[in-house]
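Enquirer: Structure file my_file.csv (CSV, C-alpha atoms) right here:
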chain,number,residue,atom,x,y,z
F,106,MET,CA,0.0,0.0,0.0
F,107,CYS,CA,1.7,3.2,-1.2
F,108,ILE,CA,0.0,5.5,1.2
F,109,ARG,CA,1.1,3.5,4.2
F,110,ASP,CA,4.7,3.4,3.1
F,111,SER,CA,4.8,7.2,2.6
F,112,ILE,CA,3.6,8.0,6.1
F,113,ASN,CA,6.0,8.7,8.9
F,114,ALA,CA,4.1,8.7,12.2
F,115,GLU,CA,6.9,10.6,14.0
F,116,TYR,CA,6.8,13.4,11.4
F,117,MET,CA,3.0,13.6,11.5
F,118,GLY,CA,3.1,13.9,15.3
F,119,ILE,CA,0.0,11.6,15.6
F,120,LEU,CA,-0.8,8.9,18.1
F,121,LEU,CA,-3.9,7.3,16.5
F,122,ILE,CA,-6.8,5.9,18.5
F,123,ARG,CA,-6.6,2.2,18.8
F,124,MET,CA,-10.0,0.6,19.2
F,125,THR,CA,-10.1,-3.0,20.3
F,126,LEU,CA,-11.2,-5.5,17.6
F,127,GLU,CA,-14.9,-6.1,18.3
F,128,ALA,CA,-17.9,-7.9,16.9
F,129,THR,CA,-20.9,-5.9,17.8
F,130,ILE,CA,-24.7,-6.4,17.5
F,131,ILE,CA,-27.0,-3.4,17.8
F,132,CYS,CA,-30.4,-4.3,19.1
F,133,LEU,CA,-33.2,-1.8,18.1
F,134,ASP,CA,-36.5,-1.3,20.0
F,135,ASN,CA,-39.1,-1.3,17.2
F,136,SER,CA,-42.1,-1.5,19.5
F,137,ASP,CA,-45.1,0.8,19.3
F,138,TRP,CA,-43.5,3.0,22.0
F,139,GLY,CA,-41.3,4.3,19.2
F,140,ARG,CA,-44.2,6.3,17.7
F,141,ASN,CA,-44.0,8.7,20.7
F,142,GLY,CA,-43.0,12.2,19.6
F,143,ASP,CA,-41.6,13.4,22.9
F,144,PHE,CA,-38.1,13.2,21.4
F,145,ILE,CA,-37.2,15.1,18.2
F,146,PRO,CA,-38.4,13.9,15.7
F,147,THR,CA,-39.7,10.6,17.3
F,148,ARG,CA,-38.3,7.9,19.5
F,149,TRP,CA,-38.0,5.5,16.6
F,150,GLU,CA,-36.3,7.9,14.3
F,151,SER,CA,-33.9,8.8,17.2
F,152,ILE,CA,-33.1,5.1,17.6
F,153,GLN,CA,-32.4,4.8,13.8
F,154,ASP,CA,-30.1,7.8,13.8
F,155,THR,CA,-28.3,6.5,16.9
F,156,ALA,CA,-27.7,3.1,15.3
F,157,ARG,CA,-26.2,4.7,12.2
F,158,VAL,CA,-23.8,6.8,14.3
F,159,LEU,CA,-22.7,3.7,16.3
F,160,TYR,CA,-22.0,1.4,13.4
F,161,GLU,CA,-20.1,4.2,11.5
F,162,ALA,CA,-18.0,4.9,14.6
F,163,LYS,CA,-17.2,1.2,15.0
F,164,LEU,CA,-16.3,0.6,11.4
F,165,SER,CA,-14.4,3.8,10.8
F,166,VAL,CA,-11.8,3.4,13.5
F,167,ASN,CA,-11.0,-0.3,12.9
F,168,ARG,CA,-11.9,-1.7,9.5
F,169,GLU,CA,-11.6,-5.3,10.8
F,170,SER,CA,-14.4,-4.8,13.3
F,171,THR,CA,-17.9,-6.1,12.4
F,172,VAL,CA,-21.4,-4.8,13.2
F,173,GLY,CA,-24.8,-6.6,13.0
F,174,LEU,CA,-28.4,-5.5,13.5
F,175,MET,CA,-31.3,-7.0,15.4
F,176,THR,CA,-34.9,-6.1,16.2
F,177,MET,CA,-36.4,-6.9,19.6
F,178,ALA,CA,-40.2,-6.3,19.2
F,179,GLY,CA,-42.8,-8.0,17.1
F,180,PRO,CA,-43.8,-11.7,16.8
F,181,ARG,CA,-40.1,-12.8,17.2
F,182,VAL,CA,-36.6,-11.5,17.7
F,183,ASP,CA,-35.1,-11.1,14.3
F,184,LEU,CA,-31.4,-10.9,13.2
F,185,ILE,CA,-31.8,-8.7,10.2
F,186,ALA,CA,-28.1,-8.3,9.5
F,187,THR,CA,-25.3,-10.6,10.5
F,188,PRO,CA,-22.0,-9.0,11.7
F,189,CYS,CA,-20.3,-7.5,8.7
F,190,THR,CA,-18.2,-4.5,7.5
F,191,ASP,CA,-20.5,-3.3,4.8
F,192,ASP,CA,-22.1,0.0,6.0
F,193,SER,CA,-24.4,0.2,3.0
F,194,ARG,CA,-25.9,-3.1,3.9
F,195,LEU,CA,-26.5,-2.0,7.4
F,196,SER,CA,-28.1,1.3,6.2
F,197,THR,CA,-30.6,-0.5,4.0
F,198,SER,CA,-31.4,-3.0,6.8
F,199,ILE,CA,-32.3,-0.1,9.2
F,200,GLN,CA,-34.6,1.5,6.6
F,201,SER,CA,-36.5,-1.8,6.1
F,202,ILE,CA,-37.4,-2.2,9.8
F,203,LYS,CA,-41.1,-1.7,10.7
F,204,ILE,CA,-42.6,-0.7,14.0
F,205,GLN,CA,-44.7,-3.6,15.5
F,206,GLY,CA,-45.4,-5.1,18.9
F,207,GLU,CA,-46.2,-3.7,22.3
F,208,HIS,CA,-43.1,-4.8,24.3
F,209,VAL,CA,-39.5,-6.0,23.6
F,210,ASP,CA,-38.2,-9.4,24.5
F,211,PHE,CA,-35.1,-8.3,26.3
F,212,ILE,CA,-33.9,-11.8,27.4
F,213,LYS,CA,-34.2,-13.4,24.0
F,214,ALA,CA,-32.5,-10.5,22.3
F,215,ILE,CA,-29.4,-11.0,24.5
F,216,GLU,CA,-29.4,-14.8,24.2
F,217,ILE,CA,-29.7,-14.7,20.3
F,218,SER,CA,-27.1,-12.0,20.1
F,219,GLN,CA,-24.7,-14.0,22.2
F,220,LEU,CA,-25.3,-17.1,20.0
F,221,ALA,CA,-24.7,-15.1,16.8
F,222,LEU,CA,-21.4,-13.6,18.3
F,223,LYS,CA,-20.3,-17.1,19.3
F,224,HIS,CA,-20.2,-18.1,15.7
F,225,ARG,CA,-18.2,-15.1,14.5
F,226,GLN,CA,-15.5,-15.7,11.9
F,227,ASN,CA,-12.7,-13.9,13.6
F,228,LYS,CA,-12.3,-15.4,17.1
F,229,ASN,CA,-10.0,-12.6,18.1
F,230,GLN,CA,-12.9,-10.1,18.1
F,231,LYS,CA,-14.3,-9.2,21.5
F,232,GLN,CA,-18.1,-9.6,21.9
F,233,ARG,CA,-20.4,-6.6,22.5
F,234,VAL,CA,-24.1,-6.0,22.4
F,235,ILE,CA,-25.6,-2.5,22.3
F,236,LEU,CA,-29.4,-2.2,23.1
F,237,LEU,CA,-31.4,0.9,22.2
F,238,ILE,CA,-34.5,0.8,24.3
F,239,CYS,CA,-37.5,3.3,24.3
F,240,SER,CA,-40.2,1.1,25.9
F,241,ILE,CA,-40.9,-0.2,29.4
F,242,LEU,CA,-39.4,-3.6,30.3
F,243,VAL,CA,-41.7,-6.3,31.6
F,244,GLU,CA,-38.9,-8.7,32.8
F,245,GLN,CA,-38.5,-9.3,36.6
F,246,PRO,CA,-35.3,-8.0,38.2
F,247,SER,CA,-34.3,-11.5,39.4
F,248,VAL,CA,-34.4,-12.9,35.9
F,249,LEU,CA,-32.3,-10.0,34.6
F,250,GLN,CA,-29.7,-10.7,37.3
F,251,THR,CA,-29.3,-14.3,36.3
F,252,LEU,CA,-29.0,-13.3,32.7
F,253,ALA,CA,-26.3,-10.7,33.6
F,254,LYS,CA,-24.3,-13.3,35.5
F,255,LYS,CA,-24.4,-15.7,32.6
F,256,ALA,CA,-23.4,-13.0,30.1
F,257,LYS,CA,-20.5,-12.0,32.4
F,258,LYS,CA,-19.3,-15.6,32.6
F,259,ASN,CA,-19.3,-15.8,28.8
F,260,GLY,CA,-17.2,-12.6,28.4
F,261,LEU,CA,-20.0,-10.6,26.8
F,262,ALA,CA,-19.9,-6.8,27.1
F,263,ILE,CA,-23.3,-5.0,27.1
F,264,ASP,CA,-24.1,-1.3,26.6
F,265,ILE,CA,-27.7,0.0,27.1
F,266,VAL,CA,-29.2,3.3,26.0
F,267,ASN,CA,-32.6,4.0,27.7
F,268,ILE,CA,-34.6,6.7,26.0
F,269,GLY,CA,-37.3,8.4,28.1
F,270,SER,CA,-38.5,5.4,30.1
F,271,ASN,CA,-37.8,6.2,33.7
F,272,GLU,CA,-39.3,3.0,35.0
F,273,ASN,CA,-36.3,1.0,33.5
F,274,VAL,CA,-33.6,2.9,35.2
F,275,GLU,CA,-33.2,0.9,38.4
F,276,LYS,CA,-33.5,-2.5,36.7
F,277,LEU,CA,-31.0,-1.6,34.0
F,278,GLN,CA,-28.5,0.0,36.4
F,279,ASN,CA,-28.4,-3.2,38.5
F,280,PHE,CA,-28.1,-5.3,35.4
F,281,ILE,CA,-25.1,-3.3,34.1
F,282,GLU,CA,-23.5,-3.4,37.6
F,283,THR,CA,-23.7,-7.2,37.5
F,284,VAL,CA,-22.5,-7.8,34.0
F,285,ASN,CA,-19.8,-5.1,34.1
F,286,ASN,CA,-16.2,-6.5,34.1
F,287,ALA,CA,-13.3,-4.1,34.1
F,288,ASP,CA,-15.5,-1.2,33.0
F,289,ASN,CA,-16.5,-2.9,29.7
F,290,SER,CA,-20.3,-2.3,30.0
F,291,HIS,CA,-22.1,1.1,30.2
F,292,PHE,CA,-25.6,2.4,30.9
F,293,LEU,CA,-26.9,5.7,29.5
F,294,HIS,CA,-30.3,7.2,30.4
F,295,ILE,CA,-31.5,10.1,28.3
F,296,GLU,CA,-34.3,12.0,30.0
F,297,ASN,CA,-33.9,15.5,28.6
F,298,ARG,CA,-36.2,15.6,25.6
F,299,SER,CA,-34.8,18.8,24.1
F,300,LEU,CA,-31.5,17.0,23.2
F,301,ARG,CA,-30.9,14.9,20.2
F,302,VAL,CA,-30.2,11.3,21.1
F,303,PRO,CA,-27.4,10.7,18.6
F,304,ASP,CA,-25.5,13.7,19.8
F,305,VAL,CA,-25.7,12.5,23.4
F,306,VAL,CA,-24.6,8.9,22.5
F,307,ILE,CA,-21.7,9.9,20.3
F,308,SER,CA,-20.1,11.8,23.2
F,309,SER,CA,-20.7,9.0,25.7
F,310,PRO,CA,-18.4,6.0,26.6
F,311,ILE,CA,-20.7,3.7,24.6
F,312,ALA,CA,-19.5,5.2,21.3
F,313,GLN,CA,-15.9,5.3,22.5
F,314,SER,CA,-15.9,1.8,24.1
F,315,GLY,CA,-12.6,0.0,23.5
F,316,ALA,CA,-10.6,3.1,23.0
F,317,SER,CA,-7.4,3.6,25.0
F,318,ALA,CA,-7.3,6.2,27.7
F,319,PRO,CA,-6.0,9.7,27.1
F,320,GLY,CA,-2.2,10.0,27.2
F,321,GLU,CA,-1.7,6.3,26.4
F,322,ILE,CA,-0.2,4.9,23.2
F,323,GLY,CA,-3.0,4.9,20.7
F,324,HIS,CA,-4.9,8.0,21.8
F,325,PRO,CA,-5.0,11.0,19.4
F,326,VAL,CA,-3.0,14.0,20.6
F,327,ASN,CA,-3.9,17.0,18.4
F,328,SER,CA,-4.6,14.5,15.6
F,329,ALA,CA,-4.9,16.0,12.1
F,330,VAL,CA,-6.7,12.9,10.7
F,331,ASP,CA,-10.4,12.1,11.3
F,332,PRO,CA,-11.0,8.4,11.0
F,333,SER,CA,-14.6,8.9,9.9
F,334,GLN,CA,-13.5,11.2,7.0
F,335,ASP,CA,-10.5,9.4,5.8
F,336,PRO,CA,-10.5,5.8,7.1
F,337,GLU,CA,-7.8,4.6,4.7
F,338,LEU,CA,-5.3,7.1,5.9
F,339,ALA,CA,-6.2,6.3,9.5
F,340,GLU,CA,-5.7,2.6,8.9
F,341,ALA,CA,-2.4,3.3,7.2
F,342,ILE,CA,-1.1,5.3,10.1
F,343,ARG,CA,-2.2,2.6,12.6
F,344,GLN,CA,-0.3,-0.1,10.6
F,345,SER,CA,2.8,2.0,10.4
F,346,LEU,CA,2.7,2.5,14.2
F,347,GLU,CA,2.4,-1.2,14.7
F,348,GLU,CA,5.4,-1.9,12.5
F,349,GLN,CA,7.5,0.6,14.5
F,350,LYS,CA,6.4,-1.0,17.7
F,351,ASN,CA,7.4,-4.5,16.4
F,352,THR,CA,10.8,-3.2,15.2
F,353,LEU,CA,11.5,-1.6,18.6
F,354,ALA,CA,10.5,-4.8,20.4
F,355,LYS,CA,12.8,-6.9,18.2
F,356,SER,CA,15.7,-4.6,18.7
F,357,SER,CA,15.3,-4.7,22.5
F,358,THR,CA,15.2,-8.5,22.5
F,359,GLU,CA,18.3,-8.7,20.4
F,360,GLU,CA,20.2,-6.3,22.6
F,361,LYS,CA,19.3,-8.4,25.7
F,362,LYS,CA,20.5,-11.6,24.0
F,363,GLU,CA,23.8,-9.9,23.0
F,364,GLN,CA,24.4,-8.7,26.6
F,365,LYS,CA,23.8,-12.3,27.9
F,366,THR,CA,26.2,-13.8,25.4
F,367,GLU,CA,28.9,-11.2,26.3
F,368,GLU,CA,28.5,-11.9,30.0
F,369,LYS,CA,28.8,-15.7,29.4
F,370,LYS,CA,32.0,-15.1,27.4
F,371,GLU,CA,33.5,-13.0,30.2
F,372,GLU,CA,32.8,-15.7,32.7
F,373,LYS,CA,34.4,-18.3,30.6
F,374,LYS,CA,37.5,-16.1,30.1
F,375,ALA,CA,37.8,-15.6,33.9
F,376,GLU,CA,37.7,-19.4,34.4
F,377,ALA,CA,40.0,-20.3,31.5
F,378,PRO,CA,43.4,-19.1,33.0
F,379,ALA,CA,43.2,-21.3,36.1
F,380,GLN,CA,42.3,-24.3,34.0
F,381,GLU,CA,45.1,-23.7,31.5
F,382,VAL,CA,47.7,-23.4,34.2
F,383,ALA,CA,46.6,-26.6,35.8
F,384,GLU,CA,46.5,-28.5,32.5
F,385,GLY,CA,49.8,-27.2,31.2
F,386,LEU,CA,51.9,-28.4,34.2
F,387,THR,CA,53.2,-31.9,34.9
F,388,GLU,CA,52.7,-33.7,38.2
F,389,GLU,CA,56.0,-32.6,39.7
F,390,GLU,CA,55.5,-29.0,38.6
F,391,GLU,CA,52.1,-29.0,40.2
F,392,LEU,CA,53.5,-30.3,43.4
F,393,GLN,CA,56.3,-27.7,43.4
F,394,ARG,CA,53.8,-25.0,42.7
F,395,ALA,CA,51.6,-26.1,45.5
F,396,ILE,CA,54.5,-26.2,48.0
F,397,GLU,CA,55.6,-22.7,46.9
F,398,LEU,CA,52.2,-21.3,47.4
F,399,SER,CA,51.9,-22.9,50.9
F,400,ILE,CA,55.3,-21.6,52.0
F,401,ARG,CA,54.6,-18.0,50.7
F,402,GLY,CA,51.3,-17.9,52.6
F,403,GLU,CA,48.8,-20.7,53.4
F,404,GLY,CA,45.2,-19.8,52.7
F,405,GLN,CA,46.1,-16.7,50.6
F,406,GLU,CA,44.7,-16.2,47.1
F,407,VAL,CA,46.9,-15.8,44.1
F,408,LYS,CA,47.4,-12.2,43.2
F,409,LYS,CA,46.0,-10.9,40.0
F,410,GLU,CA,48.4,-9.9,37.2
F,411,GLU,CA,49.6,-6.4,37.4
F,412,SER,CA,51.0,-4.0,34.9
F,413,PRO,CA,54.8,-4.0,34.4
F,414,LYS,CA,55.1,-0.5,35.9
F,415,VAL,CA,53.3,-1.5,39.1
F,416,ALA,CA,55.2,-4.7,39.3
F,417,GLU,CA,58.6,-2.8,39.1
F,418,GLU,CA,57.5,-0.4,41.8
F,419,ARG,CA,56.5,-3.2,44.1
F,420,LYS,CA,59.6,-5.3,43.6
F,421,GLU,CA,61.4,-6.4,46.8
F,422,PRO,CA,65.1,-7.0,47.2
F,423,ALA,CA,66.3,-10.6,46.5
F,424,ALA,CA,66.6,-12.8,49.5
F,425,PRO,CA,70.1,-13.8,50.7
F,426,VAL,CA,71.6,-17.2,50.1
F,427,LYS,CA,71.0,-18.4,53.6
F,428,GLU,CA,67.2,-17.7,53.4
F,429,GLN,CA,67.1,-19.6,50.1
F,430,LYS,CA,68.8,-22.6,51.8
F,431,LYS,CA,66.3,-22.5,54.7
F,432,THR,CA,63.5,-22.5,52.3
F,433,GLU,CA,65.0,-25.5,50.4
F,434,ASP,CA,65.4,-27.4,53.7
F,435,LEU,CA,61.8,-26.6,54.6
F,436,GLU,CA,60.6,-27.9,51.2
F,437,ALA,CA,62.5,-31.1,51.7
F,438,GLN,CA,61.0,-31.6,55.2
F,439,LEU,CA,57.5,-30.9,53.9
F,440,MET,CA,57.9,-33.3,51.0
F,441,GLN,CA,58.7,-36.0,53.5
F,442,ASN,CA,55.4,-35.5,55.3
F,443,PRO,CA,52.8,-37.4,53.2
F,444,GLU,CA,49.8,-36.0,55.0
F,445,PHE,CA,50.9,-32.5,54.2
F,446,VAL,CA,51.5,-33.3,50.6
F,447,LYS,CA,48.0,-34.9,50.3
F,448,ASP,CA,46.4,-31.7,51.8
F,449,LEU,CA,48.2,-29.6,49.3
F,450,ILE,CA,47.2,-31.7,46.3
F,451,GLN,CA,43.5,-31.5,47.3
F,452,SER,CA,43.7,-27.7,47.7
F,453,LEU,CA,45.2,-27.2,44.3
F,454,PRO,CA,42.9,-25.0,42.1
F,455,GLY,CA,41.7,-26.0,38.7
F,456,MET,CA,42.6,-29.8,39.1
F,457,THR,CA,40.2,-32.6,38.3
F,458,GLU,CA,39.7,-35.6,40.6
F,459,GLU,CA,41.5,-37.9,38.2
F,460,GLY,CA,44.6,-35.6,38.2
F,461,ARG,CA,44.6,-35.5,41.9
F,462,LYS,CA,44.4,-39.3,42.2
F,463,LYS,CA,47.3,-39.6,39.7
F,464,VAL,CA,49.5,-37.2,41.7
F,465,LEU,CA,48.6,-38.9,45.0
F,466,SER,CA,49.5,-42.3,43.6
F,467,SER,CA,52.8,-41.1,42.2
F,468,VAL,CA,53.7,-39.6,45.6
F,469,VAL,CA,52.8,-42.8,47.4
F,470,LYS,CA,54.9,-44.8,45.0
F,471,LYS,CA,57.9,-42.5,45.5
F,472,GLU,CA,57.6,-42.8,49.3
F,473,GLU,CA,57.4,-46.6,49.1
F,474,THR,CA,60.5,-46.8,46.8
F,475,LYS,CA,62.4,-44.6,49.2
F,476,LYS,CA,61.5,-46.7,52.2
F,477,ASP,CA,62.5,-49.9,50.3
F,478,GLU,CA,65.9,-48.4,49.4
F,479,LYS,CA,66.5,-47.4,53.0
F,480,LYS,CA,65.8,-50.9,54.2
F,481,GLU,CA,68.2,-52.5,51.7
F,482,GLU,CA,71.0,-50.1,52.8
F,483,GLU,CA,70.5,-50.9,56.4
F,484,THR,CA,70.5,-54.7,55.8
F,485,LYS,CA,73.8,-54.4,53.8
F,486,LYS,CA,75.4,-52.4,56.6
F,487,GLN,CA,74.4,-54.9,59.2
F,488,GLN,CA,75.8,-57.8,57.2
F,489,GLN,CA,79.1,-56.1,56.6
F,490,GLY,CA,79.6,-55.1,60.3
F,491,THR,CA,78.7,-58.4,62.1
F,492,TYR,CA,80.3,-61.2,60.2
F,493,ASN,CA,84.2,-61.1,59.8
F,494,ILE,CA,85.7,-64.7,59.5
F,495,CYS,CA,89.5,-65.2,59.9
F,496,LEU,CA,91.9,-68.1,60.7
F,497,LEU,CA,94.1,-68.1,63.8
F,498,TYR,CA,97.6,-69.5,63.8
F,499,THR,CA,99.6,-69.9,67.0
F,500,SER,CA,103.2,-69.0,67.2
F,501,ASP,CA,104.3,-72.5,68.1
F,502,ALA,CA,102.3,-74.0,65.3
F,503,ALA,CA,103.7,-71.6,62.8
F,504,ASP,CA,107.2,-73.2,63.0
F,505,ASP,CA,105.9,-76.7,62.6
F,506,THR,CA,103.3,-76.8,59.8
F,507,PRO,CA,102.8,-80.5,59.6
F,508,CYS,CA,101.9,-80.7,63.3
F,509,VAL,CA,99.1,-78.1,63.1
F,510,ASP,CA,95.6,-78.9,61.9
F,511,LEU,CA,93.2,-76.4,60.3
F,512,GLY,CA,91.8,-75.3,63.7
F,513,GLY,CA,95.1,-74.3,65.1
F,514,ARG,CA,95.4,-77.2,67.4
F,515,ARG,CA,98.7,-79.0,67.9
F,516,SER,CA,98.6,-82.5,66.7
F,517,ILE,CA,101.1,-85.0,68.3
F,518,GLN,CA,102.0,-87.8,66.3
F,519,LYS,CA,103.3,-91.0,67.8
F,520,LYS,CA,106.5,-92.4,66.4
Translate this file's structure into structure tokens.

Expert:
Amino acid sequence: MCIRDSINAEYMGILLIRMTLEATIICLDNSDWGRNGDFIPTRWESIQDTARVLYEAKLSVNRESTVGLMTMAGPRVDLIATPCTDDSRLSTSIQSIKIQGEHVDFIKAIEISQLALKHRQNKNQKQRVILLICSILVEQPSVLQTLAKKAKKNGLAIDIVNIGSNENVEKLQNFIETVNNADNSHFLHIENRSLRVPDVVISSPIAQSGASAPGEIGHPVNSAVDPSQDPELAEAIRQSLEEQKNTLAKSSTEEKKEQKTEEKKEEKKAEAPAQEVAEGLTEEEELQRAIELSIRGEGQEVKKEESPKVAEERKEPAAPVKEQKKTEDLEAQLMQNPEFVKDLIQSLPGMTEEGRKKVLSSVVKKEETKKDEKKEEETKKQQQGTYNICLLYTSDAADDTPCVDLGGRRSIQKK
């Protein structure tokens, strides 16, 4: 649509009225009470003009809304026009209605209207019934209350215009109070006979039902477009505003998704350095690193990386040689304590359980091998120090070798 594409709502400075999408049935009182001429020109002609004003108002603002017509008096309640968007069809239907009957059938009119609205084509349309009454109602208040509760349960909105019949005021007010749900139903009593009924109705909430409140999005603020005069332009502006709202909503959702992804990336980056350090080291290097951390300060966290300038300013003088030897001796003593080594391995950051088990197993093996080596050395020393075998030879036997046995004893041979 070329008109819609050429419109810029921000440049126009318009916030168009946004009526809710409705399917409406207007019920007309065509009883003999309409012949009364107390209203100008008559009650029936006032009802006809009011019906025209109402369906033009409904169709001009939202072209997707539908309006139907129904008569309430006569031999039966008659749906003369099903809900449609054709205003010419509605106009001819109103002109064809004849005055007949003494009273209206209020209950059947609402029940048949509700049944017709139930079978509407567009289920997104809200249901509304508008009754234009100029006769006295014969229904009992208790029956009207049960009907109002049923209509409220089915989500039906009802508007009533009472023309000149003061006897209906209390009944209809109680009926509207019962059926009303979130201010979706209205009652209008016109008693002043000097006023034109269509003028009173068009300025009432009944003709503006479904419109957004002033100051909200969708309400006209110094609007230069009258929907009744140029409905195509009004519909084009409404569609352009909807497109802008959709684009803004999409952009906001995309921004939120980007923020979430960035936060997740930052969290992964913060966790990555510790894992890389733990994975890049061997078992011995991990042990050495754990021991150094414990010696420098047990329970302290690793300091964050600093800029080179700050690091140079905070540099401390190198430790003397004696302190280095002391630290080495301490490291050796600590390495000999298996419980201390196990505690260190369990407190290493960024290590998996499998890695810790491997390190612990390697430490245990090294300790066992060292113990076995110590035992072997001790046994060797004991064997060398306890058993030294030698042969003793006496001085007397040394001179006479044939007379000495291997034990050093003198052997006397008889001649």

Enquirer: Would you mind listing what lies within 8 Å of Arg301 in chain F as a list in words, with all atoms listed in the file counted and same-chain residues fewer than 5 positions away left out?

Expert: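 The residues satisfying every condition are Phe144, Ile145 and Ser151 of chain F.
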
Enquirer: Please report, as CSV, each residue of range 191-280 of chain F lying at most 6 Å from range 177-187 of chain F, together with the nearest pair of atoms and the separation in Å rounded to one decimal; use only C-alpha atoms, and order rows by chain and ascending residue number.

Expert:
residue,atom,partner,partner_atom,distance
F:Gln205,CA,F:Gly179,CA,5.1
F:Gly206,CA,F:Gly179,CA,4.3
F:Val209,CA,F:Ala178,CA,4.5
F:Asp210,CA,F:Met177,CA,5.8
F:Ala214,CA,F:Met177,CA,6.0

Enquirer: Do you have the CA of Ile202 in chain F-CA of Trp138 in chain F distance handy?

Expert: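 Atom-to-atom, CA of Ile202 in chain F and CA of Trp138 in chain F are spaced 14.6 Å apart.
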
Enquirer: May I have the residues within 6 Å of range 231-246 of chain F as a PyMOL selection string, using only C-alpha atoms and disregarding those fewer than 2 positions away in the same chain?

Expert: chain F and resi 127-134+138+248-249+261-268+276

Enquirer: Output C-alpha atoms of each residue in that selection to a file, as an mmCIF file, keeping the file's coordinate frame.

Expert:
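Writing done, so here's part05.cif:
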data_model
loop_
_atom_site.group_PDB
_atom_site.id
_atom_site.type_symbol
_atom_site.label_atom_id
_atom_site.label_comp_id
_atom_site.auth_asym_id
_atom_site.auth_seq_id
_atom_site.Cartn_x
_atom_site.Cartn_y
_atom_site.Cartn_z
ATOM 1 C CA GLU F 127 -14.900 -6.100 18.300
ATOM 2 C CA ALA F 128 -17.900 -7.900 16.900
ATOM 3 C CA THR F 129 -20.900 -5.900 17.800
ATOM 4 C CA ILE F 130 -24.700 -6.400 17.500
ATOM 5 C CA ILE F 131 -27.000 -3.400 17.800
ATOM 6 C CA CYS F 132 -30.400 -4.300 19.100
ATOM 7 C CA LEU F 133 -33.200 -1.800 18.100
ATOM 8 C CA ASP F 134 -36.500 -1.300 20.000
ATOM 9 C CA TRP F 138 -43.500 3.000 22.000
ATOM 10 C CA VAL F 248 -34.400 -12.900 35.900
ATOM 11 C CA LEU F 249 -32.300 -10.000 34.600
ATOM 12 C CA LEU F 261 -20.000 -10.600 26.800
ATOM 13 C CA ALA F 262 -19.900 -6.800 27.100
ATOM 14 C CA ILE F 263 -23.300 -5.000 27.100
ATOM 15 C CA ASP F 264 -24.100 -1.300 26.600
ATOM 16 C CA ILE F 265 -27.700 0.000 27.100
ATOM 17 C CA VAL F 266 -29.200 3.300 26.000
ATOM 18 C CA ASN F 267 -32.600 4.000 27.700
ATOM 19 C CA ILE F 268 -34.600 6.700 26.000
ATOM 20 C CA LYS F 276 -33.500 -2.500 36.700
#

Enquirer: Please, what distance in Å, to one decimal, runs between CA of Asp304 in chain F and CA of Arg157 in chain F?

Expert: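 So the two atoms, CA of Asp304 in chain F and CA of Arg157 in chain F, lie 11.8 Å apart.
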
Enquirer: Can you tell me how far CA of Val306 in chain F sits from CA of Arg148 in chain F, in Å to one decimal?

Expert: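 CA of Arg148 in chain F lies at a distance of 14.1 Å from CA of Val306 in chain F.
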
Enquirer: Nearest to Pro310 in chain F among F:Thr190, F:Thr197, F:Glu458, F:Leu159, with distances taken over all atoms listed in the file: which residue is it?

Expert: F:Leu159

Enquirer: For Pro146 in chain F, which of F:Gln219, F:Ser299, F:Thr125, F:Asn289 is the closest residue, counting only C-alpha atoms?

Expert: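 Once distances to Pro146 in chain F are computed over only C-alpha atoms, the minimum belongs to F:Ser299.
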